[in-house]
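Here's coords-v7.txt, which has compact mmCIF, C-alpha atoms:
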# COMPACT_ATOMS: atom_id res chain seq x y z
CA MET A 2 0.00 0.00 0.00
CA GLY A 3 1.57 3.28 -1.07
CA GLY A 4 0.74 6.72 0.30
CA ASN A 5 -1.60 6.79 3.28
CA PRO A 6 -1.99 3.24 4.68
CA LEU A 7 -5.23 4.10 6.49
CA ALA A 8 -6.74 5.49 3.33
CA ALA A 9 -5.75 2.34 1.48
CA VAL A 10 -7.38 0.15 4.13
CA ALA A 11 -10.53 2.28 4.04
CA ASN A 12 -10.63 1.95 0.27
CA MET A 13 -10.23 -1.83 0.55
CA VAL A 14 -13.08 -2.05 3.04
CA ASP A 15 -15.28 0.06 0.75
CA GLN A 16 -14.41 -2.17 -2.16
CA ILE A 17 -15.26 -5.35 -0.23
CA THR A 18 -18.49 -3.82 1.06
CA GLU A 19 -19.49 -2.86 -2.46
CA GLN A 20 -18.63 -6.21 -4.06
CA TYR A 21 -19.70 -8.55 -1.25
CA PRO A 22 -22.16 -6.64 0.98
CA ALA A 23 -23.51 -9.85 2.56
CA PHE A 24 -20.04 -10.83 3.79
CA ALA A 25 -18.78 -7.39 4.81
CA PRO A 26 -19.68 -7.81 8.53
CA LEU A 27 -17.27 -10.76 8.67
CA LEU A 28 -14.29 -8.46 8.09
CA GLN A 29 -13.72 -8.47 11.85
CA ILE A 30 -13.09 -12.21 11.79
CA PRO A 31 -9.39 -12.46 10.78
CA GLU A 32 -9.61 -15.77 8.91
CA VAL A 33 -12.55 -14.57 6.84
CA ALA A 34 -11.08 -11.09 6.33
CA LYS A 35 -8.07 -12.61 4.52
CA LEU A 36 -10.41 -14.34 2.10
CA LEU A 37 -12.42 -11.16 1.50
CA ILE A 38 -9.25 -9.20 0.75
CA GLU A 39 -8.07 -11.87 -1.64
CA ALA A 40 -11.48 -12.18 -3.29
CA SER A 41 -11.76 -8.43 -3.94
CA ALA A 42 -8.19 -7.87 -5.10
CA PRO A 43 -7.85 -6.41 -8.62
CA GLY A 44 -7.97 -9.15 -11.19
CA HIS A 45 -9.55 -11.65 -8.80
CA GLN A 46 -13.09 -10.56 -8.02
CA TRP A 47 -14.42 -13.97 -7.03
CA THR A 48 -18.01 -14.87 -7.57
CA THR A 49 -20.26 -14.89 -4.52
CA ALA A 50 -20.57 -18.67 -4.77
CA LYS A 51 -16.79 -19.12 -4.81
CA LEU A 52 -16.33 -16.79 -1.85
CA GLN A 53 -19.07 -18.58 0.10
CA ALA A 54 -17.47 -21.96 -0.58
CA ALA A 55 -14.10 -20.64 0.58
CA ILE A 56 -15.60 -19.21 3.79
CA GLN A 57 -17.35 -22.52 4.49
CA GLY A 58 -13.94 -24.18 4.29
CA THR A 59 -12.44 -22.04 7.08
CA ASN A 60 -11.87 -23.32 10.60
CA TRP A 61 -14.16 -20.55 11.86
CA TRP A 62 -17.06 -21.91 9.83
CA LYS A 63 -16.34 -25.56 10.65
CA THR A 64 -15.97 -25.01 14.40
CA THR A 65 -18.82 -22.50 14.84
CA GLY A 66 -22.42 -23.67 14.61
CA GLN A 67 -25.08 -21.82 12.64
CA THR A 68 -26.53 -20.20 15.77
CA GLY A 69 -23.04 -19.15 16.85
CA ARG A 70 -22.29 -17.63 13.45
CA GLN A 71 -25.56 -15.73 13.44
CA TRP A 72 -24.85 -14.44 16.93
CA GLN A 73 -21.39 -13.21 15.94
CA VAL A 74 -22.83 -11.43 12.90
CA THR A 75 -25.52 -9.79 15.05
CA GLN A 76 -22.85 -8.52 17.42
CA LEU A 77 -20.90 -7.11 14.46
CA ILE A 78 -23.66 -5.47 12.46
CA ASP A 79 -26.25 -4.63 15.13
CA PRO A 80 -24.59 -4.09 18.55
CA ALA A 81 -27.77 -2.54 20.00
CA THR A 82 -29.87 -5.63 19.26
CA ALA A 83 -27.07 -7.85 20.59
CA ALA A 84 -26.96 -5.81 23.80
CA ASN A 85 -30.72 -6.16 24.26
CA GLN A 86 -30.50 -9.92 23.74
CA GLN A 87 -27.64 -10.13 26.25
CA ALA A 88 -29.62 -8.16 28.83
CA ALA A 89 -32.70 -10.36 28.38
CA MET A 90 -30.65 -13.56 28.57
CA SER A 91 -28.78 -12.28 31.62
CA GLN A 92 -32.08 -11.68 33.42
CA GLN A 93 -33.38 -15.12 32.44
CA ILE A 94 -30.25 -16.89 33.67
CA HIS A 95 -30.02 -14.80 36.86
CA SER A 96 -33.64 -15.71 37.66
CA ALA A 97 -33.11 -19.40 36.88
CA ALA A 98 -29.99 -19.51 39.05
CA GLY A 99 -31.83 -17.80 41.90
CA SER A 100 -34.69 -20.31 41.78
CA LEU A 101 -32.14 -23.12 42.05
CA GLY A 102 -30.35 -21.42 44.96
CA ILE A 103 -27.17 -20.79 42.95
CA VAL A 104 -25.23 -17.54 43.32
CA LEU A 105 -23.25 -16.75 40.16
CA LYS A 106 -20.15 -14.59 39.99
CA PRO A 107 -20.46 -11.77 37.41
CA THR A 108 -17.83 -13.39 35.19
CA ASP A 109 -19.62 -16.74 35.33
CA LEU A 110 -22.94 -15.08 34.50
CA GLY A 111 -21.36 -13.32 31.53
CA ASN A 112 -19.83 -16.55 30.23
CA ILE A 113 -23.12 -18.46 30.50
CA VAL A 114 -24.99 -15.64 28.75
CA GLU A 115 -22.51 -15.68 25.86
CA ASP A 116 -22.61 -19.48 25.59
CA ALA A 117 -26.42 -19.55 25.73
CA LEU A 118 -26.77 -16.99 22.93
CA ALA A 119 -24.02 -18.50 20.81
CA ASN A 120 -25.45 -22.01 21.10
CA GLY A 121 -29.17 -21.25 21.22
CA TRP A 122 -29.68 -23.01 24.55
CA THR A 123 -33.20 -23.90 25.65
CA ALA A 124 -34.38 -23.22 29.21
CA GLY A 125 -33.65 -26.87 30.03
CA GLN A 126 -30.13 -26.62 28.68
CA ILE A 127 -29.53 -23.43 30.64
CA GLN A 128 -30.64 -25.17 33.84
CA GLN A 129 -28.41 -28.14 33.07
CA HIS A 130 -25.36 -25.91 32.66
CA LEU A 131 -26.27 -23.90 35.77
CA GLY A 132 -26.04 -27.13 37.76
CA ASN A 133 -22.28 -27.06 37.18
CA PHE A 134 -22.09 -24.00 39.40
CA ALA A 135 -24.03 -25.49 42.33
CA GLN A 136 -21.83 -25.84 45.41
CA GLU A 137 -23.13 -27.38 48.63
CA LYS A 138 -21.37 -24.85 50.89
CA THR A 139 -22.66 -21.77 49.02
CA LEU A 140 -26.12 -23.06 48.12
CA LYS A 141 -29.01 -20.75 49.01
CA PRO A 142 -32.66 -21.72 49.60
CA GLY A 143 -34.15 -22.82 46.31
CA THR A 144 -35.15 -25.82 44.24
CA ILE A 145 -31.94 -27.79 44.81
CA MET A 146 -32.07 -27.35 48.59
CA ALA A 147 -35.76 -28.26 48.69
CA THR A 148 -35.10 -31.35 46.60
CA GLN A 149 -32.19 -32.31 48.85
CA THR A 150 -34.43 -32.08 51.91
CA ASN A 151 -37.08 -34.20 50.19
CA LEU A 152 -34.50 -36.82 49.23
CA GLY A 153 -33.37 -37.00 52.84
CA SER A 154 -36.95 -37.74 53.86
CA ILE A 155 -37.23 -40.48 51.26
CA ALA A 156 -34.00 -42.08 52.46
CA GLY A 157 -35.26 -41.84 56.04
CA ASP A 158 -38.51 -43.55 55.13
CA TYR A 159 -36.50 -46.51 53.84
CA GLY A 160 -34.18 -46.58 56.85
CA VAL A 161 -31.15 -45.84 54.67
CA PRO A 162 -28.43 -43.55 56.07
CA VAL A 163 -27.46 -41.00 53.40
CA SER A 164 -24.84 -38.27 53.77
CA THR A 165 -25.65 -34.66 52.92
CA GLY A 166 -23.03 -34.87 50.18
CA THR A 167 -24.84 -37.75 48.51
CA SER A 168 -28.27 -36.14 48.76
CA PHE A 169 -26.81 -32.86 47.41
CA ASN A 170 -25.25 -34.60 44.40
CA TRP A 171 -28.54 -36.32 43.63
CA ALA A 172 -30.47 -33.03 44.02
CA LYS A 173 -27.98 -31.29 41.75
CA ARG A 174 -28.30 -33.98 39.08
CA ILE A 175 -32.10 -33.83 39.31
CA ALA A 176 -31.91 -30.05 38.76
CA GLU A 177 -29.66 -30.63 35.75
CA GLY A 178 -32.10 -33.17 34.34
CA THR A 179 -29.61 -36.04 34.45
CA ALA A 180 -31.38 -37.88 37.30
CA THR A 181 -34.91 -38.14 38.71
CA GLN A 182 -36.51 -38.46 42.13
CA ASP A 183 -37.98 -41.77 41.03
CA GLY A 184 -34.44 -42.95 40.31
CA PHE A 185 -33.35 -41.94 43.81
CA THR A 186 -36.35 -43.73 45.34
CA ALA A 187 -35.50 -46.89 43.41
CA ALA A 188 -31.92 -46.68 44.70
CA MET A 189 -33.18 -46.33 48.28
CA GLN A 190 -35.46 -49.33 47.83
CA GLN A 191 -32.50 -51.44 46.73
CA GLN A 192 -30.43 -50.24 49.68
CA ALA A 193 -33.31 -50.95 52.06
CA LYS A 194 -33.63 -54.50 50.77
CA ALA A 195 -29.91 -54.96 51.41
CA LEU A 196 -30.29 -53.65 54.97
CA PHE A 197 -33.57 -55.47 55.64
CA PRO A 198 -33.54 -58.48 53.27
CA HIS A 199 -36.41 -60.10 55.17
CA LEU A 200 -38.61 -57.11 54.20
CA GLY A 201 -37.87 -57.41 50.49
CA ASP A 202 -41.30 -58.69 49.52
CA LYS A 203 -43.09 -55.86 51.31
CA ILE A 204 -40.76 -53.24 49.86
CA ASP A 205 -41.35 -54.68 46.39
CA ALA A 206 -45.07 -54.46 47.10
CA GLY A 207 -44.74 -50.70 47.59
CA PHE A 208 -44.30 -50.35 51.36
CA THR A 209 -41.61 -48.14 52.85
CA VAL A 210 -39.68 -49.34 55.87
CA ARG A 211 -41.32 -46.56 57.90
CA GLN A 212 -44.77 -47.84 56.99
CA ILE A 213 -43.77 -51.34 58.04
CA ALA A 214 -42.31 -50.03 61.29
CA ASP A 215 -45.21 -47.71 62.08
CA PRO A 216 -47.13 -50.07 64.44
CA TYR A 217 -43.98 -50.57 66.51
CA LEU A 218 -43.30 -46.83 66.66
CA GLN A 219 -46.89 -46.14 67.68
CA ILE A 220 -46.55 -48.60 70.55
CA ALA A 221 -43.29 -46.92 71.61
CA GLN A 222 -45.10 -43.60 71.68
CA GLN A 223 -47.95 -45.08 73.72
CA PHE A 224 -45.42 -46.49 76.16
CA GLY A 225 -43.99 -42.98 76.62
CA VAL A 226 -40.50 -43.77 75.26
CA LEU A 227 -40.94 -41.95 71.95
CA ALA A 228 -42.20 -38.43 71.42
CA ASN A 229 -42.75 -38.36 67.65
CA PRO A 230 -42.69 -41.49 65.46
CA ASN A 231 -42.21 -39.38 62.34
CA THR A 232 -38.77 -38.17 63.45
CA VAL A 233 -37.31 -41.62 64.20
CA ASP A 234 -34.09 -42.54 62.42
CA LEU A 235 -34.85 -46.06 61.27
CA SER A 236 -31.18 -46.73 60.54
CA ASN A 237 -30.60 -46.46 64.30
CA PRO A 238 -30.32 -50.04 65.70
CA LYS A 239 -32.38 -48.94 68.69
CA TRP A 240 -35.47 -48.69 66.50
CA ALA A 241 -34.49 -51.02 63.65
CA LYS A 242 -34.45 -53.79 66.25
CA ALA A 243 -38.24 -53.98 66.05
CA LEU A 244 -37.88 -55.24 62.50
CA GLN A 245 -35.06 -57.65 63.27
CA SER A 246 -36.23 -60.53 65.42
CA ARG A 247 -33.39 -63.02 65.78
CA ASP A 248 -33.34 -66.73 66.52
CA SER A 249 -31.03 -68.50 68.97
CA LYS A 250 -28.26 -68.43 66.37
CA GLY A 251 -28.56 -64.68 65.91
CA ASP A 252 -30.06 -64.92 62.44
CA ILE A 253 -32.81 -62.43 61.55
CA GLN A 254 -36.15 -64.16 61.18
CA GLY A 255 -38.33 -61.13 60.50
CA PRO A 256 -40.00 -58.35 62.51
CA MET A 257 -40.72 -58.91 66.20
CA THR A 258 -44.25 -59.76 67.23
CA LEU A 259 -45.95 -56.76 68.79
CA ASP A 260 -46.04 -58.56 72.17
CA ASP A 261 -42.29 -59.20 72.01
CA TRP A 262 -41.70 -55.56 71.09
CA GLN A 263 -43.72 -54.37 74.11
CA ARG A 264 -41.72 -56.62 76.43
CA HIS A 265 -38.52 -55.42 74.81
CA LEU A 266 -39.43 -51.77 75.39
CA MET A 267 -40.16 -52.50 79.04
CA THR A 268 -37.02 -54.51 79.76
CA ASP A 269 -34.26 -52.86 77.70
CA PRO A 270 -32.91 -49.90 79.72
CA GLN A 271 -31.89 -47.94 76.60
CA TYR A 272 -35.54 -46.99 76.08
CA GLY A 273 -35.94 -45.69 79.64
CA TRP A 274 -39.43 -47.10 80.07
CA ASP A 275 -39.00 -47.53 83.84
CA HIS A 276 -38.72 -43.74 84.19
CA THR A 277 -41.98 -42.99 82.38
CA SER A 278 -45.40 -42.20 83.81
CA ASN A 279 -46.58 -45.32 82.02
CA ALA A 280 -44.22 -47.43 84.10
CA ARG A 281 -45.27 -45.74 87.32
CA GLU A 282 -48.91 -46.41 86.50
CA VAL A 283 -48.18 -50.07 85.79
CA ALA A 284 -46.27 -50.34 89.08
CA SER A 285 -49.09 -48.68 90.99
CA ASN A 286 -51.66 -51.01 89.48
CA LEU A 287 -49.46 -53.98 90.34
CA VAL A 288 -49.17 -52.87 93.97
CA GLN A 289 -52.91 -52.42 94.25
CA SER A 290 -53.53 -55.79 92.65
CA LEU A 291 -51.15 -57.51 95.06
CA GLY A 292 -52.68 -55.64 97.99
CA LYS A 293 -56.12 -56.88 97.09
CA THR A 294 -54.83 -60.37 96.59
CA PHE A 295 -53.37 -60.49 100.10
CA GLY A 296 -56.18 -58.55 101.70
CA VAL A 297 -53.98 -55.57 102.51
CA MET A 298 -56.05 -53.04 100.51
CA GLY A 299 -59.76 -52.75 100.18
When written as structure tokens, how does the structure in this file appear?
Amino acid sequence: MGGNPLAAVANMVDQITEQYPAFAPLLQIPEVAKLLIEASAPGHQWTTAKLQAAIQGTNWWKTTGQTGRQWQVTQLIDPATAANQQAAMSQQIHSAAGSLGIVLKPTDLGNIVEDALANGWTAGQIQQHLGNFAQEKTLKPGTIMATQTNLGSIAGDYGVPVSTGTSFNWAKRIAEGTATQDGFTAAMQQQAKALFPHLGDKIDAGFTVRQIADPYLQIAQQFGVLANPNTVDLSNPKWAKALQSRDSKGDIQGPMTLDDWQRHLMTDPQYGWDHTSNAREVASNLVQSLGKTFGVMG
């Protein structure tokens, strides 16, 4: 370029814009700009079809999807529209993250917005990618936390001990759409059958371990050794014992009979039955009965 280099560049841009107006916005993409300069050079003047074929052979074209190419062109030729789309997408993603309980850093939000627009993500795909930013320690109240709490209740109903880390990972995957609550329930059923193999038939029939244990827990409440049956940790041997009657060899035969469970509550000191009002009433009745038997009390 002789004379004024800037003037020469401006003239080249004008020439490209005049000859290939549809491709002019791509001048800001270096790999495509080289082709445009070559195509518009004196004596060359490629046809539009030839130029299009050459552009489609670039790495930029091959590695950028149609939605991504359209988004780049929009940013180049209509920055105002691109800015409006970015603002709308930012609000959508910020709201979706908030409903999940995820707090995004500004840089992370910006990256997700750009990726969502460049790849044409659906709401489901946005939620799936947001799951990558869920961290148990920074999680706020939202869908993931609510799901995690619900999963803990399901595990509890099957008498399966589950760590908060495990329930969080399941809740996160459910939010991402890569797992379901039904899948978690099925996993808990399998674990419960491993812990209580003698209850396998009932679990397969649709009963939870808590439902099977409920009559025993109700009796414990009536005996005054349990305040709320719904809060019992069924993985605790103290309460699981009701479902694990053993023979003389120590092998589990099945749940205790209700009579055996009542006697067990009254004789095993870990339940503290002898300190309850129920025990005092039984003792008082026994004294009165003995007194009448021996003519001591009228």
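With all atoms listed in the file as the basis for measurement, A:Tyr159 is the residue among A:Met267, A:Tyr159, A:Asp215, A:Gly111 that approaches Ala188 in chain A most closely.
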Could you state the separation of CA of Ala89 in chain A and CA of Met146 in chain A in Å, given to one decimal place?
26.4 Å
Closest to Met257 in chain A among A:Gly44, A:Pro216, A:Pro80, A:Gly143, using all atoms listed in the file?
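Under the stated criterion, the closest residue is A:Pro216.
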Considering all atoms listed in the file, can you say which of A:Gly66, A:Pro270, A:Gly132, A:Pro43 comes closest to Thr179 in chain A?
A:Gly132
Can you list, as a ChimeraX atom specification, every protein, DNA or RNA residue that comes within 10 Å of Gln53 in chain A when you count only C-alpha atoms, leaving out same-chain residues fewer than 5 positions away?
/A:24,36,47-48,58
